[in-house]
Amino acid sequence: GPRGKHIFGTVTMNEKGQIVIPKLARDVMKLKSGERLIILGDENEGLALVKAEIFEINVQKAIEMAKIKL
């Protein structure tokens, strides 16, 4: 696959809706215990996890770009 793109395998959701992020995925993505993640969803495509700090930076950039175009 393309450099920087990964498929980490499958996970199983328990009865509480919890999943375990595979160790390789945590290591590659540099995820630490207690880290905040945003869950994004598309009813046709599925779910994605994004580090909250990255999501917040990108939202702020989008807001600034929208101000420029007004």
# chains A, B, ... in the order shown; residues from 1 in each chain; ligands from 1
call {"tool": "residues_around", "arguments": {"residues": "Ser33 (chain A)", "least_positions_apart": "5", "cutoff": "12 Å", "atoms": "only C-alpha atoms", "output": "list of chain:residue names"}}
result
A:Val20, A:Ile21, A:Lys23, A:Arg26, A:Asp27
call {"tool": "select_by_dssp", "arguments": {"residues": "chain A", "states": "strand (DSSP E)", "output": "MDAnalysis selection string"}}
result
chainID A and resid 37:42 46:51
call {"tool": "atom_distance", "arguments": {"atom1": "CA of Lys61 (chain A)", "atom2": "CA of Ala48 (chain A)"}}
result
20.0 Å
call {"tool": "residues_around", "arguments": {"residues": "Leu49 (chain A)", "least_positions_apart": "4", "cutoff": "7 Å", "atoms": "only C-alpha atoms", "output": "NGL selection string"}}
result
:A and (37-40)
call {"tool": "select_by_dssp", "arguments": {"residues": "chain A", "states": "helix (DSSP H, G or I)", "output": "list of chain:residue names"}}
result
A:Lys23, A:Leu24, A:Ala25, A:Arg26, A:Asp27, A:Val28, A:Ala52, A:Glu53, A:Ile54, A:Phe55, A:Glu56, A:Ile57, A:Asn58, A:Val59, A:Gln60, A:Lys61, A:Ala62, A:Ile63, A:Glu64, A:Met65, A:Ala66, A:Lys67, A:Ile68, A:Lys69
call {"tool": "write_last_selection", "arguments": {"atoms": "N, CA and C atoms", "output": "short mmCIF file (atom, residue, chain, number, x, y, z; two decimals), in the first residue's frame"}}
result
data_model
loop_
_atom_site.label_atom_id
_atom_site.label_comp_id
_atom_site.auth_asym_id
_atom_site.auth_seq_id
_atom_site.Cartn_x
_atom_site.Cartn_y
_atom_site.Cartn_z
N LYS A 23 -2.05 -3.27 19.44
CA LYS A 23 -0.78 -2.70 19.90
C LYS A 23 0.01 -2.10 18.75
N LEU A 24 0.10 -2.78 17.62
CA LEU A 24 0.85 -2.24 16.49
C LEU A 24 0.27 -0.89 16.06
N ALA A 25 -1.06 -0.79 16.03
CA ALA A 25 -1.70 0.47 15.66
C ALA A 25 -1.37 1.56 16.67
N ARG A 26 -1.41 1.22 17.97
CA ARG A 26 -1.07 2.21 19.01
C ARG A 26 0.37 2.66 18.87
N ASP A 27 1.26 1.71 18.59
CA ASP A 27 2.68 2.05 18.46
C ASP A 27 2.94 2.92 17.23
N VAL A 28 2.42 2.50 16.09
CA VAL A 28 2.65 3.25 14.84
C VAL A 28 2.04 4.65 14.92
N ALA A 52 -7.70 13.85 18.92
CA ALA A 52 -8.48 15.07 19.17
C ALA A 52 -7.67 16.33 18.88
N GLU A 53 -6.38 16.34 19.26
CA GLU A 53 -5.57 17.54 19.04
C GLU A 53 -5.41 17.84 17.56
N ILE A 54 -5.28 16.81 16.73
CA ILE A 54 -5.15 17.00 15.28
C ILE A 54 -6.49 17.48 14.70
N PHE A 55 -7.57 16.87 15.15
CA PHE A 55 -8.90 17.27 14.68
C PHE A 55 -9.16 18.74 15.01
N GLU A 56 -8.84 19.15 16.23
CA GLU A 56 -9.08 20.52 16.66
C GLU A 56 -8.26 21.51 15.84
N ILE A 57 -7.02 21.16 15.53
CA ILE A 57 -6.17 22.02 14.69
C ILE A 57 -6.79 22.16 13.30
N ASN A 58 -7.24 21.05 12.73
CA ASN A 58 -7.83 21.09 11.39
C ASN A 58 -9.14 21.86 11.36
N VAL A 59 -9.94 21.77 12.40
CA VAL A 59 -11.18 22.54 12.47
C VAL A 59 -10.85 24.03 12.53
N GLN A 60 -9.85 24.38 13.34
CA GLN A 60 -9.46 25.80 13.43
C GLN A 60 -8.97 26.31 12.09
N LYS A 61 -8.19 25.51 11.35
CA LYS A 61 -7.72 25.91 10.02
C LYS A 61 -8.91 26.12 9.08
N ALA A 62 -9.90 25.23 9.14
CA ALA A 62 -11.07 25.35 8.28
C ALA A 62 -11.85 26.63 8.59
N ILE A 63 -11.96 26.96 9.88
CA ILE A 63 -12.65 28.19 10.28
C ILE A 63 -11.91 29.41 9.74
N GLU A 64 -10.57 29.40 9.85
CA GLU A 64 -9.79 30.53 9.36
C GLU A 64 -9.91 30.66 7.83
N MET A 65 -9.90 29.53 7.13
CA MET A 65 -10.04 29.57 5.67
C MET A 65 -11.42 30.09 5.28
N ALA A 66 -12.45 29.73 6.04
CA ALA A 66 -13.80 30.21 5.74
C ALA A 66 -13.89 31.72 5.94
N LYS A 67 -13.20 32.25 6.95
CA LYS A 67 -13.20 33.70 7.19
C LYS A 67 -12.55 34.45 6.02
N ILE A 68 -11.47 33.87 5.49
CA ILE A 68 -10.74 34.50 4.37
C ILE A 68 -11.64 34.58 3.13
N LYS A 69 -12.44 33.56 2.89
CA LYS A 69 -13.27 33.49 1.69
C LYS A 69 -14.51 34.34 1.78
#
call {"tool": "atom_distance", "arguments": {"atom1": "CA of Glu35 (chain A)", "atom2": "CA of Lys51 (chain A)"}}
result
7.7 Å
call {"tool": "closest_residue", "arguments": {"among": "A:Gly41, A:Gly46, A:Pro22, A:Gly34", "to": "Ile7 (chain A)", "atoms": "only C-alpha atoms"}}
result
A:Pro22
call {"tool": "closest_residue", "arguments": {"among": "A:Thr10, A:Lys5, A:Glu43, A:Gly17", "to": "Met29 (chain A)", "atoms": "only C-alpha atoms"}}
result
A:Lys5
call {"tool": "atom_distance", "arguments": {"atom1": "CA of Gly1 (chain A)", "atom2": "CA of Arg36 (chain A)"}}
result
27.6 Å
call {"tool": "decode", "arguments": {"residues": "region 34-70 of chain A", "atoms": "N, CA, C and O atoms", "output": "PDB file, in the first residue's frame"}}
result
ATOM      1  N   GLY A  34      -5.033   7.180  27.859  1.00  0.00           N
ATOM      2  CA  GLY A  34      -5.697   8.422  28.225  1.00  0.00           C
ATOM      3  C   GLY A  34      -5.813   9.441  27.110  1.00  0.00           C
ATOM      4  O   GLY A  34      -6.414  10.498  27.291  1.00  0.00           O
ATOM      5  N   GLU A  35      -5.243   9.124  25.946  1.00  0.00           N
ATOM      6  CA  GLU A  35      -5.293  10.063  24.820  1.00  0.00           C
ATOM      7  C   GLU A  35      -6.737  10.220  24.320  1.00  0.00           C
ATOM      8  O   GLU A  35      -7.476   9.248  24.234  1.00  0.00           O
ATOM      9  N   ARG A  36      -7.112  11.458  24.007  1.00  0.00           N
ATOM     10  CA  ARG A  36      -8.463  11.725  23.495  1.00  0.00           C
ATOM     11  C   ARG A  36      -8.503  11.459  21.998  1.00  0.00           C
ATOM     12  O   ARG A  36      -7.620  11.888  21.257  1.00  0.00           O
ATOM     13  N   LEU A  37      -9.548  10.745  21.586  1.00  0.00           N
ATOM     14  CA  LEU A  37      -9.765  10.459  20.166  1.00  0.00           C
ATOM     15  C   LEU A  37     -11.157  10.926  19.779  1.00  0.00           C
ATOM     16  O   LEU A  37     -12.104  10.808  20.551  1.00  0.00           O
ATOM     17  N   ILE A  38     -11.292  11.461  18.581  1.00  0.00           N
ATOM     18  CA  ILE A  38     -12.590  11.835  18.020  1.00  0.00           C
ATOM     19  C   ILE A  38     -13.051  10.671  17.157  1.00  0.00           C
ATOM     20  O   ILE A  38     -12.266  10.137  16.367  1.00  0.00           O
ATOM     21  N   ILE A  39     -14.308  10.286  17.296  1.00  0.00           N
ATOM     22  CA  ILE A  39     -14.878   9.239  16.452  1.00  0.00           C
ATOM     23  C   ILE A  39     -15.737   9.923  15.402  1.00  0.00           C
ATOM     24  O   ILE A  39     -16.702  10.611  15.731  1.00  0.00           O
ATOM     25  N   LEU A  40     -15.357   9.751  14.145  1.00  0.00           N
ATOM     26  CA  LEU A  40     -16.106  10.307  13.019  1.00  0.00           C
ATOM     27  C   LEU A  40     -16.893   9.177  12.381  1.00  0.00           C
ATOM     28  O   LEU A  40     -16.439   8.036  12.356  1.00  0.00           O
ATOM     29  N   GLY A  41     -18.063   9.471  11.864  1.00  0.00           N
ATOM     30  CA  GLY A  41     -18.870   8.428  11.255  1.00  0.00           C
ATOM     31  C   GLY A  41     -19.554   8.874   9.979  1.00  0.00           C
ATOM     32  O   GLY A  41     -19.966  10.019   9.845  1.00  0.00           O
ATOM     33  N   ASP A  42     -19.624   7.957   9.052  1.00  0.00           N
ATOM     34  CA  ASP A  42     -20.356   8.128   7.798  1.00  0.00           C
ATOM     35  C   ASP A  42     -21.242   6.897   7.676  1.00  0.00           C
ATOM     36  O   ASP A  42     -20.742   5.764   7.686  1.00  0.00           O
ATOM     37  N   GLU A  43     -22.553   7.088   7.595  1.00  0.00           N
ATOM     38  CA  GLU A  43     -23.475   5.955   7.590  1.00  0.00           C
ATOM     39  C   GLU A  43     -23.221   4.990   6.439  1.00  0.00           C
ATOM     40  O   GLU A  43     -23.550   3.818   6.534  1.00  0.00           O
ATOM     41  N   ASN A  44     -22.616   5.464   5.358  1.00  0.00           N
ATOM     42  CA  ASN A  44     -22.332   4.586   4.220  1.00  0.00           C
ATOM     43  C   ASN A  44     -20.920   4.016   4.244  1.00  0.00           C
ATOM     44  O   ASN A  44     -20.681   2.940   3.709  1.00  0.00           O
ATOM     45  N   GLU A  45     -19.966   4.734   4.842  1.00  0.00           N
ATOM     46  CA  GLU A  45     -18.556   4.336   4.788  1.00  0.00           C
ATOM     47  C   GLU A  45     -18.045   3.700   6.077  1.00  0.00           C
ATOM     48  O   GLU A  45     -17.135   2.897   6.050  1.00  0.00           O
ATOM     49  N   GLY A  46     -18.565   4.103   7.238  1.00  0.00           N
ATOM     50  CA  GLY A  46     -18.106   3.527   8.496  1.00  0.00           C
ATOM     51  C   GLY A  46     -17.557   4.570   9.452  1.00  0.00           C
ATOM     52  O   GLY A  46     -17.919   5.734   9.391  1.00  0.00           O
ATOM     53  N   LEU A  47     -16.681   4.118  10.346  1.00  0.00           N
ATOM     54  CA  LEU A  47     -16.139   4.950  11.412  1.00  0.00           C
ATOM     55  C   LEU A  47     -14.649   5.199  11.206  1.00  0.00           C
ATOM     56  O   LEU A  47     -13.961   4.396  10.595  1.00  0.00           O
ATOM     57  N   ALA A  48     -14.172   6.310  11.774  1.00  0.00           N
ATOM     58  CA  ALA A  48     -12.744   6.624  11.765  1.00  0.00           C
ATOM     59  C   ALA A  48     -12.397   7.260  13.105  1.00  0.00           C
ATOM     60  O   ALA A  48     -13.207   7.965  13.702  1.00  0.00           O
ATOM     61  N   LEU A  49     -11.201   6.997  13.592  1.00  0.00           N
ATOM     62  CA  LEU A  49     -10.690   7.612  14.818  1.00  0.00           C
ATOM     63  C   LEU A  49      -9.615   8.621  14.446  1.00  0.00           C
ATOM     64  O   LEU A  49      -8.751   8.339  13.616  1.00  0.00           O
ATOM     65  N   VAL A  50      -9.660   9.791  15.070  1.00  0.00           N
ATOM     66  CA  VAL A  50      -8.679  10.846  14.817  1.00  0.00           C
ATOM     67  C   VAL A  50      -8.231  11.390  16.173  1.00  0.00           C
ATOM     68  O   VAL A  50      -9.058  11.592  17.069  1.00  0.00           O
ATOM     69  N   LYS A  51      -6.928  11.633  16.325  1.00  0.00           N
ATOM     70  CA  LYS A  51      -6.461  12.265  17.566  1.00  0.00           C
ATOM     71  C   LYS A  51      -7.178  13.600  17.731  1.00  0.00           C
ATOM     72  O   LYS A  51      -7.264  14.391  16.790  1.00  0.00           O
ATOM     73  N   ALA A  52      -7.703  13.850  18.922  1.00  0.00           N
ATOM     74  CA  ALA A  52      -8.478  15.070  19.173  1.00  0.00           C
ATOM     75  C   ALA A  52      -7.667  16.327  18.884  1.00  0.00           C
ATOM     76  O   ALA A  52      -8.189  17.283  18.296  1.00  0.00           O
ATOM     77  N   GLU A  53      -6.383  16.338  19.261  1.00  0.00           N
ATOM     78  CA  GLU A  53      -5.571  17.541  19.044  1.00  0.00           C
ATOM     79  C   GLU A  53      -5.411  17.837  17.560  1.00  0.00           C
ATOM     80  O   GLU A  53      -5.446  18.999  17.142  1.00  0.00           O
ATOM     81  N   ILE A  54      -5.275  16.809  16.731  1.00  0.00           N
ATOM     82  CA  ILE A  54      -5.152  17.000  15.279  1.00  0.00           C
ATOM     83  C   ILE A  54      -6.487  17.479  14.702  1.00  0.00           C
ATOM     84  O   ILE A  54      -6.528  18.397  13.874  1.00  0.00           O
ATOM     85  N   PHE A  55      -7.574  16.875  15.146  1.00  0.00           N
ATOM     86  CA  PHE A  55      -8.902  17.269  14.684  1.00  0.00           C
ATOM     87  C   PHE A  55      -9.164  18.741  15.006  1.00  0.00           C
ATOM     88  O   PHE A  55      -9.628  19.505  14.159  1.00  0.00           O
ATOM     89  N   GLU A  56      -8.838  19.146  16.228  1.00  0.00           N
ATOM     90  CA  GLU A  56      -9.078  20.522  16.656  1.00  0.00           C
ATOM     91  C   GLU A  56      -8.256  21.513  15.837  1.00  0.00           C
ATOM     92  O   GLU A  56      -8.752  22.573  15.454  1.00  0.00           O
ATOM     93  N   ILE A  57      -7.015  21.158  15.527  1.00  0.00           N
ATOM     94  CA  ILE A  57      -6.171  22.019  14.691  1.00  0.00           C
ATOM     95  C   ILE A  57      -6.786  22.159  13.298  1.00  0.00           C
ATOM     96  O   ILE A  57      -6.860  23.269  12.748  1.00  0.00           O
ATOM     97  N   ASN A  58      -7.243  21.055  12.735  1.00  0.00           N
ATOM     98  CA  ASN A  58      -7.826  21.094  11.391  1.00  0.00           C
ATOM     99  C   ASN A  58      -9.141  21.862  11.357  1.00  0.00           C
ATOM    100  O   ASN A  58      -9.419  22.573  10.381  1.00  0.00           O
ATOM    101  N   VAL A  59      -9.939  21.768  12.400  1.00  0.00           N
ATOM    102  CA  VAL A  59     -11.182  22.536  12.470  1.00  0.00           C
ATOM    103  C   VAL A  59     -10.853  24.032  12.529  1.00  0.00           C
ATOM    104  O   VAL A  59     -11.479  24.842  11.845  1.00  0.00           O
ATOM    105  N   GLN A  60      -9.851  24.380  13.337  1.00  0.00           N
ATOM    106  CA  GLN A  60      -9.457  25.796  13.432  1.00  0.00           C
ATOM    107  C   GLN A  60      -8.971  26.311  12.088  1.00  0.00           C
ATOM    108  O   GLN A  60      -9.306  27.427  11.680  1.00  0.00           O
ATOM    109  N   LYS A  61      -8.191  25.509  11.351  1.00  0.00           N
ATOM    110  CA  LYS A  61      -7.723  25.906  10.020  1.00  0.00           C
ATOM    111  C   LYS A  61      -8.909  26.117   9.081  1.00  0.00           C
ATOM    112  O   LYS A  61      -8.932  27.071   8.297  1.00  0.00           O
ATOM    113  N   ALA A  62      -9.898  25.233   9.139  1.00  0.00           N
ATOM    114  CA  ALA A  62     -11.070  25.353   8.280  1.00  0.00           C
ATOM    115  C   ALA A  62     -11.849  26.630   8.593  1.00  0.00           C
ATOM    116  O   ALA A  62     -12.319  27.326   7.688  1.00  0.00           O
ATOM    117  N   ILE A  63     -11.956  26.960   9.876  1.00  0.00           N
ATOM    118  CA  ILE A  63     -12.647  28.192  10.280  1.00  0.00           C
ATOM    119  C   ILE A  63     -11.906  29.408   9.738  1.00  0.00           C
ATOM    120  O   ILE A  63     -12.519  30.333   9.198  1.00  0.00           O
ATOM    121  N   GLU A  64     -10.572  29.402   9.854  1.00  0.00           N
ATOM    122  CA  GLU A  64      -9.786  30.529   9.356  1.00  0.00           C
ATOM    123  C   GLU A  64      -9.906  30.658   7.833  1.00  0.00           C
ATOM    124  O   GLU A  64     -10.022  31.770   7.318  1.00  0.00           O
ATOM    125  N   MET A  65      -9.902  29.531   7.130  1.00  0.00           N
ATOM    126  CA  MET A  65     -10.040  29.574   5.673  1.00  0.00           C
ATOM    127  C   MET A  65     -11.422  30.093   5.277  1.00  0.00           C
ATOM    128  O   MET A  65     -11.546  30.841   4.305  1.00  0.00           O
ATOM    129  N   ALA A  66     -12.446  29.730   6.035  1.00  0.00           N
ATOM    130  CA  ALA A  66     -13.801  30.210   5.741  1.00  0.00           C
ATOM    131  C   ALA A  66     -13.892  31.723   5.937  1.00  0.00           C
ATOM    132  O   ALA A  66     -14.557  32.411   5.178  1.00  0.00           O
ATOM    133  N   LYS A  67     -13.195  32.253   6.949  1.00  0.00           N
ATOM    134  CA  LYS A  67     -13.197  33.698   7.189  1.00  0.00           C
ATOM    135  C   LYS A  67     -12.546  34.445   6.020  1.00  0.00           C
ATOM    136  O   LYS A  67     -12.999  35.501   5.634  1.00  0.00           O
ATOM    137  N   ILE A  68     -11.474  33.871   5.495  1.00  0.00           N
ATOM    138  CA  ILE A  68     -10.743  34.501   4.375  1.00  0.00           C
ATOM    139  C   ILE A  68     -11.642  34.582   3.131  1.00  0.00           C
ATOM    140  O   ILE A  68     -11.620  35.566   2.414  1.00  0.00           O
ATOM    141  N   LYS A  69     -12.442  33.563   2.888  1.00  0.00           N
ATOM    142  CA  LYS A  69     -13.265  33.493   1.686  1.00  0.00           C
ATOM    143  C   LYS A  69     -14.508  34.343   1.775  1.00  0.00           C
ATOM    144  O   LYS A  69     -15.199  34.551   0.785  1.00  0.00           O
ATOM    145  N   LEU A  70     -14.846  34.859   2.976  1.00  0.00           N
ATOM    146  CA  LEU A  70     -16.039  35.689   3.118  1.00  0.00           C
ATOM    147  C   LEU A  70     -15.855  37.041   2.582  1.00  0.00           C
ATOM    148  O   LEU A  70     -15.348  37.758   2.105  1.00  0.00           O
TER     149      LEU A  70
END
